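Q: Structure: my_file39.json, JSON, C-alpha atoms.
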```json
[["chain", "number", "residue", "atom", "x", "y", "z"],
["G", 1, "MET", "CA", -1.54, 8.45, 25.74],
["G", 2, "LYS", "CA", -3.25, 8.88, 22.36],
["G", 3, "ILE", "CA", -2.68, 12.05, 20.34],
["G", 4, "VAL", "CA", -4.37, 12.56, 16.96],
["G", 5, "VAL", "CA", -2.00, 14.30, 14.54],
["G", 6, "ASN", "CA", -3.39, 15.28, 11.13],
["G", 7, "GLY", "CA", -6.03, 12.60, 11.50],
["G", 8, "ASN", "CA", -3.59, 9.81, 12.45],
["G", 9, "ILE", "CA", -3.28, 8.33, 15.93],
["G", 10, "HIS", "CA", 0.12, 8.54, 17.64],
["G", 11, "GLN", "CA", 0.87, 6.87, 20.97],
["G", 12, "TYR", "CA", 3.05, 8.67, 23.54],
["G", 13, "ASP", "CA", 3.96, 8.35, 27.17],
["G", 14, "GLY", "CA", 2.61, 11.05, 29.51],
["G", 15, "ASN", "CA", 3.91, 14.59, 30.02],
["G", 16, "ILE", "CA", 4.81, 15.43, 26.45],
["G", 17, "THR", "CA", 4.64, 18.86, 24.87],
["G", 18, "VAL", "CA", 3.72, 20.03, 21.41],
["G", 19, "ALA", "CA", 7.44, 20.58, 20.82],
["G", 20, "HIS", "CA", 8.05, 16.87, 21.50],
["G", 21, "VAL", "CA", 5.49, 15.90, 18.85],
["G", 22, "VAL", "CA", 6.91, 18.38, 16.34],
["G", 23, "ASP", "CA", 10.37, 16.91, 16.91],
["G", 24, "ASP", "CA", 9.01, 13.37, 16.60],
["G", 25, "LEU", "CA", 7.57, 14.33, 13.20],
["G", 26, "GLY", "CA", 10.97, 15.63, 12.07],
["G", 27, "LEU", "CA", 9.64, 19.18, 11.77],
["G", 28, "THR", "CA", 11.75, 21.00, 14.35],
["G", 29, "GLY", "CA", 13.09, 24.20, 12.82],
["G", 30, "LYS", "CA", 10.68, 23.98, 9.88],
["G", 31, "ARG", "CA", 8.22, 26.76, 9.02],
["G", 32, "ILE", "CA", 4.95, 25.23, 10.21],
["G", 33, "ALA", "CA", 1.72, 26.22, 11.93],
["G", 34, "VAL", "CA", 0.01, 24.17, 14.63],
["G", 35, "GLU", "CA", -3.63, 24.01, 15.64],
["G", 36, "LEU", "CA", -4.44, 22.38, 19.00],
["G", 37, "ASN", "CA", -8.05, 21.26, 19.37],
["G", 38, "GLN", "CA", -9.08, 23.73, 16.64],
["G", 39, "GLU", "CA", -7.26, 26.66, 18.31],
["G", 40, "ILE", "CA", -4.11, 28.18, 16.77],
["G", 41, "LEU", "CA", -1.12, 27.61, 19.05],
["G", 42, "PRO", "CA", 1.59, 30.31, 18.88],
["G", 43, "TYR", "CA", 5.09, 29.08, 18.13],
["G", 44, "ASP", "CA", 6.49, 30.32, 21.46],
["G", 45, "GLN", "CA", 4.10, 27.99, 23.32],
["G", 46, "TYR", "CA", 5.16, 24.74, 21.64],
["G", 47, "ALA", "CA", 7.72, 23.93, 24.35],
["G", 48, "THR", "CA", 5.39, 24.66, 27.28],
["G", 49, "GLN", "CA", 2.06, 23.34, 26.02],
["G", 50, "VAL", "CA", 1.57, 19.91, 27.66],
["G", 51, "LEU", "CA", -0.74, 17.57, 25.79],
["G", 52, "LYS", "CA", -3.58, 15.49, 27.21],
["G", 53, "ASP", "CA", -4.96, 12.15, 26.08],
["G", 54, "GLU", "CA", -6.96, 12.45, 22.83],
["G", 55, "ASP", "CA", -5.79, 15.99, 22.08],
["G", 56, "ARG", "CA", -5.94, 16.73, 18.36],
["G", 57, "LEU", "CA", -3.15, 18.50, 16.49],
["G", 58, "GLU", "CA", -3.22, 19.83, 12.95],
["G", 59, "VAL", "CA", 0.23, 20.62, 11.56],
["G", 60, "VAL", "CA", 0.40, 22.49, 8.26],
["G", 61, "GLN", "CA", 3.06, 23.90, 5.99],
["G", 62, "ALA", "CA", 3.14, 25.73, 2.67],
["G", 63, "ILE", "CA", 3.54, 23.61, -0.49],
["G", 64, "GLY", "CA", 3.65, 24.37, -4.17],
["G", 65, "GLY", "CA", 0.32, 24.75, -5.93],
["G", 66, "GLY", "CA", -1.26, 21.99, -7.95],
["G", 67, "GLN", "CA", -1.89, 18.33, -7.27],
["G", 68, "THR", "CA", 0.38, 16.02, -5.31],
["G", 69, "ASP", "CA", 1.44, 12.75, -6.92],
["G", 70, "SER", "CA", -1.24, 10.54, -5.45],
["G", 71, "PHE", "CA", -3.67, 7.92, -6.71],
["G", 72, "GLN", "CA", -7.23, 6.97, -5.85],
["G", 73, "VAL", "CA", -8.92, 3.69, -5.06],
["G", 74, "ALA", "CA", -12.69, 3.65, -4.64],
["G", 75, "GLY", "CA", -12.73, 7.44, -4.30],
["G", 76, "VAL", "CA", -10.09, 7.60, -1.55],
["G", 77, "THR", "CA", -6.77, 9.33, -2.22],
["G", 78, "TYR", "CA", -3.49, 7.73, -1.13],
["G", 79, "GLN", "CA", 0.00, 9.19, -1.14],
["G", 80, "SER", "CA", 1.87, 5.90, -0.69],
["G", 81, "ARG", "CA", 1.94, 3.60, -3.70],
["G", 82, "LEU", "CA", 3.25, 0.67, -1.65],
["G", 83, "LEU", "CA", 0.67, -1.73, -0.23],
["G", 84, "VAL", "CA", 1.79, -4.40, 2.21],
["G", 85, "GLY", "CA", 0.56, -7.62, 3.78],
["G", 86, "THR", "CA", 0.73, -8.86, 7.35],
["G", 87, "GLY", "CA", 1.67, -12.54, 7.05],
["G", 88, "LYS", "CA", 4.92, -14.42, 7.69],
["G", 89, "TYR", "CA", 6.47, -12.03, 10.22],
["G", 90, "LYS", "CA", 8.04, -13.53, 13.33],
["G", 91, "ASP", "CA", 5.81, -11.56, 15.71],
["G", 92, "MET", "CA", 3.45, -8.61, 15.99],
["G", 93, "GLU", "CA", 6.21, -6.15, 16.84],
["G", 94, "GLU", "CA", 8.14, -6.97, 13.69],
["G", 95, "THR", "CA", 4.89, -6.62, 11.75],
["G", 96, "ARG", "CA", 4.30, -3.16, 13.22],
["G", 97, "LEU", "CA", 7.84, -1.92, 12.63],
["G", 98, "ALA", "CA", 7.98, -3.17, 9.04],
["G", 99, "ILE", "CA", 4.64, -1.64, 8.13],
["G", 100, "GLU", "CA", 5.68, 1.69, 9.62],
["G", 101, "ALA", "CA", 9.01, 1.60, 7.75],
["G", 102, "SER", "CA", 7.20, 0.88, 4.48],
["G", 103, "GLY", "CA", 5.11, 4.05, 4.72],
["G", 104, "ALA", "CA", 2.14, 2.04, 3.44],
["G", 105, "GLU", "CA", -1.39, 3.36, 3.92],
["G", 106, "ILE", "CA", -3.22, 0.24, 2.71],
["G", 107, "VAL", "CA", -2.54, -3.01, 4.58],
["G", 108, "THR", "CA", -3.95, -6.39, 3.57],
["G", 109, "VAL", "CA", -5.31, -8.87, 6.08],
["G", 110, "ALA", "CA", -5.98, -12.51, 5.20],
["G", 111, "ILE", "CA", -9.11, -12.93, 7.29],
["G", 112, "ARG", "CA", -8.95, -16.70, 7.46],
["G", 113, "ARG", "CA", -5.32, -16.73, 8.53],
["G", 114, "THR", "CA", -4.99, -13.98, 11.12],
["G", 115, "ASN", "CA", -5.67, -14.10, 14.83],
["G", 116, "ILE", "CA", -8.43, -11.49, 14.67],
["G", 117, "GLY", "CA", -11.15, -12.48, 17.11],
["G", 118, "GLN", "CA", -9.76, -15.95, 17.79],
["G", 119, "ASN", "CA", -8.39, -15.78, 21.33],
["G", 120, "THR", "CA", -8.53, -12.95, 23.82],
["G", 121, "ASP", "CA", -5.12, -13.99, 25.17],
["G", 122, "GLU", "CA", -3.48, -13.39, 21.80],
["G", 123, "PRO", "CA", -2.50, -9.93, 20.58],
["G", 124, "ASN", "CA", -5.06, -8.44, 18.21],
["G", 125, "LEU", "CA", -3.75, -7.62, 14.77],
["G", 126, "LEU", "CA", -6.01, -4.57, 14.62],
["G", 127, "ASP", "CA", -4.16, -3.16, 17.65],
["G", 128, "VAL", "CA", -1.01, -3.20, 15.52],
["G", 129, "ILE", "CA", -2.56, -1.93, 12.30],
["G", 130, "SER", "CA", -5.34, 0.28, 13.61],
["G", 131, "PRO", "CA", -8.15, 1.06, 11.15],
["G", 132, "ASP", "CA", -7.83, 4.63, 12.42],
["G", 133, "LYS", "CA", -4.38, 4.84, 10.85],
["G", 134, "TYR", "CA", -4.49, 2.41, 7.91],
["G", 135, "THR", "CA", -6.97, 1.33, 5.29],
["G", 136, "ILE", "CA", -7.54, -2.33, 6.09],
["G", 137, "LEU", "CA", -7.86, -4.45, 2.95],
["G", 138, "PRO", "CA", -9.47, -7.83, 3.73],
["G", 139, "ASN", "CA", -8.05, -10.52, 1.49],
["G", 140, "THR", "CA", -9.57, -13.79, 0.30],
["G", 141, "ALA", "CA", -6.17, -15.52, 0.41],
["G", 142, "GLY", "CA", -6.53, -19.29, 0.54],
["G", 143, "CYS", "CA", -9.89, -19.37, -1.26],
["G", 144, "TYR", "CA", -10.19, -21.87, -4.12],
["G", 145, "THR", "CA", -13.91, -21.52, -4.84],
["G", 146, "VAL", "CA", -16.29, -18.69, -5.58],
["G", 147, "GLU", "CA", -18.36, -19.62, -2.54],
["G", 148, "ASP", "CA", -15.40, -19.42, -0.15],
["G", 149, "ALA", "CA", -14.33, -16.06, -1.55],
["G", 150, "LEU", "CA", -17.84, -14.60, -1.20],
["G", 151, "ARG", "CA", -18.21, -15.90, 2.34],
["G", 152, "THR", "CA", -14.85, -14.48, 3.35],
["G", 153, "CYS", "CA", -15.67, -11.02, 1.97],
["G", 154, "ARG", "CA", -19.04, -10.96, 3.69],
["G", 155, "LEU", "CA", -17.48, -12.01, 7.00],
["G", 156, "ALA", "CA", -14.87, -9.29, 6.58],
["G", 157, "ARG", "CA", -17.59, -6.71, 5.99],
["G", 158, "GLU", "CA", -19.29, -7.79, 9.20],
["G", 159, "LEU", "CA", -16.04, -7.91, 11.15],
["G", 160, "LEU", "CA", -15.00, -4.42, 10.09],
["G", 161, "GLY", "CA", -18.35, -2.73, 10.50],
["G", 162, "GLY", "CA", -19.64, -2.48, 6.94],
["G", 163, "HIS", "CA", -16.24, -2.20, 5.27],
["G", 164, "LYS", "CA", -16.69, -2.43, 1.47],
["G", 165, "LEU", "CA", -13.12, -2.48, 0.13],
["G", 166, "VAL", "CA", -11.81, -6.04, -0.40],
["G", 167, "LYS", "CA", -9.04, -7.77, -2.28],
["G", 168, "LEU", "CA", -10.40, -10.72, -4.25],
["G", 169, "GLU", "CA", -8.33, -13.71, -5.21],
["G", 170, "VAL", "CA", -9.72, -17.09, -6.21],
["G", 171, "LEU", "CA", -6.85, -19.55, -6.59],
["G", 172, "ALA", "CA", -6.66, -22.44, -9.04],
["G", 173, "ASP", "CA", -4.32, -24.84, -7.21],
["G", 174, "GLN", "CA", -1.99, -25.05, -4.23],
["G", 175, "LYS", "CA", 1.20, -25.59, -6.20],
["G", 176, "THR", "CA", 1.21, -22.49, -8.39],
["G", 177, "LEU", "CA", -1.32, -20.28, -6.56],
["G", 178, "PHE", "CA", -2.22, -18.89, -9.97],
["G", 179, "PRO", "CA", -5.68, -17.33, -10.19],
["G", 180, "ASP", "CA", -8.65, -19.29, -11.42],
["G", 181, "VAL", "CA", -9.65, -16.61, -13.91],
["G", 182, "ALA", "CA", -13.11, -17.97, -14.73],
["G", 183, "ALA", "CA", -13.98, -18.24, -11.04],
["G", 184, "THR", "CA", -12.49, -14.78, -10.44],
["G", 185, "PHE", "CA", -14.81, -13.31, -13.09],
["G", 186, "GLU", "CA", -17.82, -14.93, -11.43],
["G", 187, "ALA", "CA", -16.86, -13.89, -7.89],
["G", 188, "ALA", "CA", -16.06, -10.32, -8.99],
["G", 189, "GLU", "CA", -19.47, -9.92, -10.66],
["G", 190, "LEU", "CA", -21.29, -11.16, -7.57],
["G", 191, "LEU", "CA", -19.28, -8.98, -5.17],
["G", 192, "VAL", "CA", -19.76, -5.85, -7.28],
["G", 193, "LYS", "CA", -23.51, -6.51, -7.38],
["G", 194, "ASP", "CA", -23.42, -6.93, -3.59],
["G", 195, "GLY", "CA", -21.94, -3.44, -3.17],
["G", 196, "PHE", "CA", -18.29, -4.29, -2.58],
["G", 197, "ASP", "CA", -15.38, -2.24, -3.90],
["G", 198, "VAL", "CA", -13.26, -5.00, -5.39],
["G", 199, "MET", "CA", -9.51, -4.89, -5.93],
["G", 200, "VAL", "CA", -8.81, -8.07, -7.84],
["G", 201, "TYR", "CA", -5.78, -10.36, -8.20],
["G", 202, "THR", "CA", -5.39, -11.84, -11.66],
["G", 203, "ASN", "CA", -2.78, -13.13, -14.08],
["G", 204, "ASP", "CA", -0.81, -10.87, -16.43],
["G", 205, "ASP", "CA", -3.29, -11.29, -19.30],
["G", 206, "PRO", "CA", -4.40, -7.91, -20.73],
["G", 207, "ILE", "CA", -7.72, -9.39, -21.91],
["G", 208, "ALA", "CA", -8.58, -10.75, -18.46],
["G", 209, "ALA", "CA", -7.50, -7.50, -16.82],
["G", 210, "LYS", "CA", -9.76, -5.43, -19.07],
["G", 211, "ARG", "CA", -12.68, -7.78, -18.49],
["G", 212, "LEU", "CA", -12.32, -7.36, -14.70],
["G", 213, "GLU", "CA", -12.31, -3.59, -15.14],
["G", 214, "GLU", "CA", -15.50, -3.83, -17.22],
["G", 215, "ILE", "CA", -17.12, -5.95, -14.51],
["G", 216, "GLY", "CA", -16.66, -2.99, -12.16],
["G", 217, "CYS", "CA", -13.55, -3.76, -10.12],
["G", 218, "VAL", "CA", -12.03, -0.59, -8.64],
["G", 219, "ALA", "CA", -8.45, -1.80, -9.19],
["G", 220, "VAL", "CA", -6.86, -4.66, -11.13],
["G", 221, "MET", "CA", -3.80, -6.40, -9.69],
["G", 222, "PRO", "CA", -1.89, -8.56, -12.17],
["G", 223, "LEU", "CA", 0.80, -10.86, -10.82],
["G", 224, "ALA", "CA", 4.46, -10.22, -11.57],
["G", 225, "ALA", "CA", 5.32, -13.87, -10.87],
["G", 226, "PRO", "CA", 3.89, -16.66, -8.69],
["G", 227, "ILE", "CA", 2.91, -15.62, -5.16],
["G", 228, "GLY", "CA", 5.88, -15.71, -2.79],
["G", 229, "SER", "CA", 8.37, -16.63, -5.53],
["G", 230, "GLY", "CA", 10.41, -13.42, -5.50],
["G", 231, "LEU", "CA", 11.13, -13.87, -9.21],
["G", 232, "GLY", "CA", 10.31, -10.29, -10.14],
["G", 233, "ILE", "CA", 8.34, -9.16, -13.18],
["G", 234, "ARG", "CA", 8.48, -12.01, -15.70],
["G", 235, "ASN", "CA", 6.39, -10.40, -18.43],
["G", 236, "PRO", "CA", 6.86, -6.62, -18.40],
["G", 237, "TYR", "CA", 5.30, -6.16, -21.84],
["G", 238, "ASN", "CA", 2.01, -7.66, -20.74],
["G", 239, "ILE", "CA", 2.02, -5.46, -17.64],
["G", 240, "LEU", "CA", 2.72, -2.45, -19.86],
["G", 241, "THR", "CA", -0.20, -3.35, -22.13],
["G", 242, "ILE", "CA", -2.51, -3.71, -19.13],
["G", 243, "VAL", "CA", -1.46, -0.28, -17.86],
["G", 244, "GLU", "CA", -1.88, 1.38, -21.26],
["G", 245, "ASN", "CA", -5.43, 0.03, -21.68],
["G", 246, "ALA", "CA", -6.69, 0.68, -18.15],
["G", 247, "THR", "CA", -8.94, 3.36, -16.73],
["G", 248, "VAL", "CA", -8.70, 2.03, -13.15],
["G", 249, "PRO", "CA", -5.57, 1.73, -11.00],
["G", 250, "ILE", "CA", -3.21, -1.13, -11.92],
["G", 251, "LEU", "CA", -1.13, -2.51, -9.07],
["G", 252, "VAL", "CA", 1.38, -5.30, -9.44],
["G", 253, "ASP", "CA", 0.60, -8.05, -6.95],
["G", 254, "ALA", "CA", 2.75, -11.11, -6.16],
["G", 255, "GLY", "CA", 6.24, -12.12, -7.20],
["G", 256, "VAL", "CA", 8.25, -9.05, -6.23],
["G", 257, "GLY", "CA", 11.53, -10.01, -4.59],
["G", 258, "THR", "CA", 13.51, -6.84, -4.01],
["G", 259, "ALA", "CA", 13.44, -3.08, -4.40],
["G", 260, "SER", "CA", 14.56, -3.11, -8.03],
["G", 261, "ASP", "CA", 11.52, -5.25, -8.92],
["G", 262, "ALA", "CA", 9.26, -2.65, -7.32],
["G", 263, "ALA", "CA", 11.04, 0.12, -9.21],
["G", 264, "ILE", "CA", 10.55, -1.69, -12.53],
["G", 265, "ALA", "CA", 6.82, -2.04, -11.87],
["G", 266, "MET", "CA", 6.56, 1.67, -11.23],
["G", 267, "GLU", "CA", 8.68, 2.53, -14.29],
["G", 268, "LEU", "CA", 6.14, 0.63, -16.38],
["G", 269, "GLY", "CA", 3.50, 3.07, -15.18],
["G", 270, "CYS", "CA", 1.78, 0.94, -12.54],
["G", 271, "ASP", "CA", -0.12, 2.87, -9.89],
["G", 272, "GLY", "CA", 1.34, 0.81, -7.08],
["G", 273, "VAL", "CA", 2.71, -2.50, -5.86],
["G", 274, "LEU", "CA", 1.39, -4.90, -3.23],
["G", 275, "MET", "CA", 3.83, -7.21, -1.48],
["G", 276, "ASN", "CA", 4.22, -9.34, 1.63],
["G", 277, "THR", "CA", 6.80, -12.11, 1.36],
["G", 278, "ALA", "CA", 9.44, -9.87, -0.20],
["G", 279, "ILE", "CA", 9.50, -7.88, 3.03],
["G", 280, "ALA", "CA", 8.57, -10.48, 5.65],
["G", 281, "ALA", "CA", 11.00, -13.16, 4.35],
["G", 282, "ALA", "CA", 13.98, -10.79, 4.10],
["G", 283, "LYS", "CA", 16.82, -11.22, 6.61],
["G", 284, "ASP", "CA", 15.97, -7.76, 7.94],
["G", 285, "PRO", "CA", 12.28, -7.13, 7.18],
["G", 286, "VAL", "CA", 12.23, -3.61, 8.60],
["G", 287, "LEU", "CA", 15.20, -2.53, 6.50],
["G", 288, "MET", "CA", 13.71, -4.21, 3.43],
["G", 289, "ALA", "CA", 10.43, -2.37, 4.01],
["G", 290, "SER", "CA", 12.36, 0.89, 3.93],
["G", 291, "ALA", "CA", 14.15, -0.19, 0.75],
["G", 292, "MET", "CA", 10.84, -1.06, -0.91],
["G", 293, "LYS", "CA", 9.46, 2.37, -0.04],
["G", 294, "LYS", "CA", 12.43, 4.00, -1.73],
["G", 295, "GLY", "CA", 12.26, 1.66, -4.72],
["G", 296, "ILE", "CA", 8.63, 2.60, -5.29],
["G", 297, "GLN", "CA", 9.47, 6.29, -5.07],
["G", 298, "ALA", "CA", 12.46, 6.01, -7.42],
["G", 299, "GLY", "CA", 10.50, 4.02, -10.00],
["G", 300, "ARG", "CA", 7.62, 6.47, -9.93],
["G", 301, "GLU", "CA", 9.95, 9.45, -10.39],
["G", 302, "ALA", "CA", 11.71, 7.70, -13.27],
["G", 303, "PHE", "CA", 8.34, 7.05, -14.94],
["G", 304, "LEU", "CA", 7.31, 10.69, -14.58],
["G", 305, "ALA", "CA", 10.71, 11.89, -15.80],
["G", 306, "GLY", "CA", 10.59, 9.76, -18.96],
["G", 307, "ARG", "CA", 13.62, 7.62, -19.65],
["G", 308, "MET", "CA", 16.07, 8.24, -22.47],
["G", 309, "PRO", "CA", 15.46, 6.24, -25.66],
["G", 310, "ARG", "CA", 17.34, 2.98, -26.02],
["G", 311, "LYS", "CA", 20.05, 2.96, -28.68],
["G", 312, "ARG", "CA", 21.89, 0.10, -30.26],
["G", 313, "PHE", "CA", 25.28, 1.84, -30.42],
["G", 314, "ALA", "CA", 27.23, 4.22, -28.24],
["G", 315, "SER", "CA", 26.51, 7.94, -28.13],
["G", 316, "ALA", "CA", 29.18, 10.19, -26.64],
["G", 317, "SER", "CA", 28.03, 12.24, -23.67],
["G", 318, "SER", "CA", 30.78, 14.83, -24.18],
["G", 319, "PRO", "CA", 31.07, 16.93, -27.39],
["G", 320, "ILE", "CA", 33.98, 16.18, -29.73],
["G", 321, "ASP", "CA", 34.32, 19.78, -30.97],
["G", 322, "GLY", "CA", 37.44, 21.51, -29.69],
["G", 323, "LEU", "CA", 39.55, 18.39, -29.10],
["G", 324, "PHE", "CA", 43.26, 19.24, -29.31],
["G", 325, "PHE", "CA", 44.30, 16.14, -31.25]]
```
Could you express the structure from this file as structure tokens?
A:
Amino acid sequence: MKIVVNGNIHQYDGNITVAHVVDDLGLTGKRIAVELNQEILPYDQYATQVLKDEDRLEVVQAIGGGQTDSFQVAGVTYQSRLLVGTGKYKDMEETRLAIEASGAEIVTVAIRRTNIGQNTDEPNLLDVISPDKYTILPNTAGCYTVEDALRTCRLARELLGGHKLVKLEVLADQKTLFPDVAATFEAAELLVKDGFDVMVYTNDDPIAAKRLEEIGCVAVMPLAAPIGSGLGIRNPYNILTIVENATVPILVDAGVGTASDAAIAMELGCDGVLMNTAIAAAKDPVLMASAMKKGIQAGREAFLAGRMPRKRFASASSPIDGLFF
């Protein structure tokens, strides 16, 4: 049975009540208000109100005034700063569980590598990562020419019903998977002119990053290290320069290996991090997805807090006044 909760689809078995959904959301005992199909539902009816397929719930609570810590891509606001891919998992169920544990709202799909539309006997990836719940980000992974990248994006737009948001990468060679920057410039210009919202993978060159922003890309995604390497951020000062000079979101893409790498990216002021292998190739991908979520959150909070200045010599944390010797 499908229940829409705050705009997101949740699947349940039959004969569930509003109280079951509230408990599933971790909100039992919290001060909330619930609207069922646009009608206010009194608190004393939560336990007796049985839900039907496609019922719609709105659950609200009071929060402090002001803006939440979110970021925007192509005019859409996202709360999660962790973006994840869908490749290299052992099966669809592991994919689903890891993505859920990550808390990601944007999920990349390598159109030429997934099983979408290939065989009706195979599970459909879009059943696992429903476009009703996630922003699907088609990816030109595996493209080594401008022509292949353009064709892939246009097929993705057709496949997803006019979807404009794409992740562009044009690779230079199979050994390093570094971007072909000249070809990336060309492909980005053509896609922007064709009406796409382009999030673009590039190297950690501040000049190239700024050029892609000027072309009209909605987000620039410099690599931390080679794709799938897990080496972490190799050139933090270049990433910092890119962030400082940008007026569009900057998201580290490729090379993250563990949660501390994600935290470092966020401490540098990046708007988010995209990763796949770091989660999918972990011994426990679901647990690693949870760790990455927390690493992103910790790094973002540290950036907002402002770290202490670095000092060459020690500085006592306790006062020396009043010592008895």
Q: I'd like the neighbourhood of Gly29 of chain G as a ChimeraX atom specification, where a residue qualifies if any of its atoms comes within 12 Å (using all atoms listed in the file), though same-chain residues fewer than 5 positions away should be ignored.
A: /G:19,22-23,43,46
Q: Just want the 12 Å neighbourhood of Glu147 of chain G, counted on only C-alpha atoms, with same-chain residues fewer than 5 positions away dropped. Output as JSON, numbers by chain.
A: {"G": [140, 152, 153, 154, 169, 170, 183, 184, 186, 187, 188, 190, 191]}
Q: Which residues are close to Ala104 of chain G, i.e. within 6 Å by only C-alpha atoms, leaving aside same-chain residues fewer than 5 positions away? Reply as an MDAnalysis selection string.
A: chainID G and resid 80 82:83
Q: Could you jot down the atom CA of Thr108 of chain G to atom CA of Ala281 of chain G separation for me, Å, one decimal place?
A: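 That distance, rounded to one decimal, is 16.4 Å.
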Q: If you measure from atom CA of Arg151 of chain G to atom CA of Lys167 of chain G, what distance in Å do you get, rounded to one decimal?
A: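 The value is 13.1 Å.
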Q: Counting all atoms listed in the file, which residue out of G:Pro222, G:Leu231, G:Gln11, G:Ala316 sits closest to Val273 of chain G?
A: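 Smallest distance to Val273 of chain G is found for G:Pro222.
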Q: Could segment 89-101 of chain G be completed with N, CA, C and O atoms and written as an mmCIF file, keeping the file's coordinate frame, please?
A:
```
data_model
loop_
_atom_site.group_PDB
_atom_site.id
_atom_site.type_symbol
_atom_site.label_atom_id
_atom_site.label_comp_id
_atom_site.auth_asym_id
_atom_site.auth_seq_id
_atom_site.Cartn_x
_atom_site.Cartn_y
_atom_site.Cartn_z
ATOM 1 N N TYR G 89 5.535 -12.686 9.310
ATOM 2 C CA TYR G 89 6.470 -12.030 10.220
ATOM 3 C C TYR G 89 6.644 -12.886 11.471
ATOM 4 O O TYR G 89 5.783 -13.689 11.813
ATOM 5 N N LYS G 90 7.756 -12.676 12.174
ATOM 6 C CA LYS G 90 8.040 -13.530 13.330
ATOM 7 C C LYS G 90 7.139 -13.198 14.524
ATOM 8 O O LYS G 90 6.856 -14.057 15.362
ATOM 9 N N ASP G 91 6.707 -11.937 14.624
ATOM 10 C CA ASP G 91 5.810 -11.560 15.710
ATOM 11 C C ASP G 91 5.131 -10.238 15.363
ATOM 12 O O ASP G 91 5.418 -9.618 14.340
ATOM 13 N N MET G 92 4.225 -9.818 16.237
ATOM 14 C CA MET G 92 3.450 -8.610 15.990
ATOM 15 C C MET G 92 4.323 -7.355 15.966
ATOM 16 O O MET G 92 4.066 -6.420 15.205
ATOM 17 N N GLU G 93 5.359 -7.329 16.794
ATOM 18 C CA GLU G 93 6.210 -6.150 16.840
ATOM 19 C C GLU G 93 6.972 -5.971 15.540
ATOM 20 O O GLU G 93 7.090 -4.841 15.027
ATOM 21 N N GLU G 94 7.469 -7.061 14.982
ATOM 22 C CA GLU G 94 8.140 -6.970 13.690
ATOM 23 C C GLU G 94 7.151 -6.527 12.611
ATOM 24 O O GLU G 94 7.504 -5.734 11.720
ATOM 25 N N THR G 95 5.926 -7.039 12.695
ATOM 26 C CA THR G 95 4.890 -6.620 11.750
ATOM 27 C C THR G 95 4.692 -5.112 11.825
ATOM 28 O O THR G 95 4.676 -4.418 10.801
ATOM 29 N N ARG G 96 4.545 -4.600 13.038
ATOM 30 C CA ARG G 96 4.300 -3.160 13.220
ATOM 31 C C ARG G 96 5.454 -2.332 12.686
ATOM 32 O O ARG G 96 5.252 -1.354 11.951
ATOM 33 N N LEU G 97 6.680 -2.704 13.031
ATOM 34 C CA LEU G 97 7.840 -1.920 12.630
ATOM 35 C C LEU G 97 8.031 -1.928 11.111
ATOM 36 O O LEU G 97 8.370 -0.907 10.513
ATOM 37 N N ALA G 98 7.808 -3.082 10.502
ATOM 38 C CA ALA G 98 7.980 -3.170 9.040
ATOM 39 C C ALA G 98 6.927 -2.338 8.312
ATOM 40 O O ALA G 98 7.242 -1.641 7.342
ATOM 41 N N ILE G 99 5.694 -2.412 8.774
ATOM 42 C CA ILE G 99 4.640 -1.640 8.130
ATOM 43 C C ILE G 99 4.921 -0.143 8.262
ATOM 44 O O ILE G 99 4.770 0.629 7.312
ATOM 45 N N GLU G 100 5.355 0.273 9.433
ATOM 46 C CA GLU G 100 5.680 1.690 9.620
ATOM 47 C C GLU G 100 6.828 2.111 8.710
ATOM 48 O O GLU G 100 6.795 3.183 8.104
ATOM 49 N N ALA G 101 7.856 1.262 8.596
ATOM 50 C CA ALA G 101 9.010 1.600 7.750
ATOM 51 C C ALA G 101 8.628 1.661 6.281
ATOM 52 O O ALA G 101 9.243 2.388 5.499
#
```
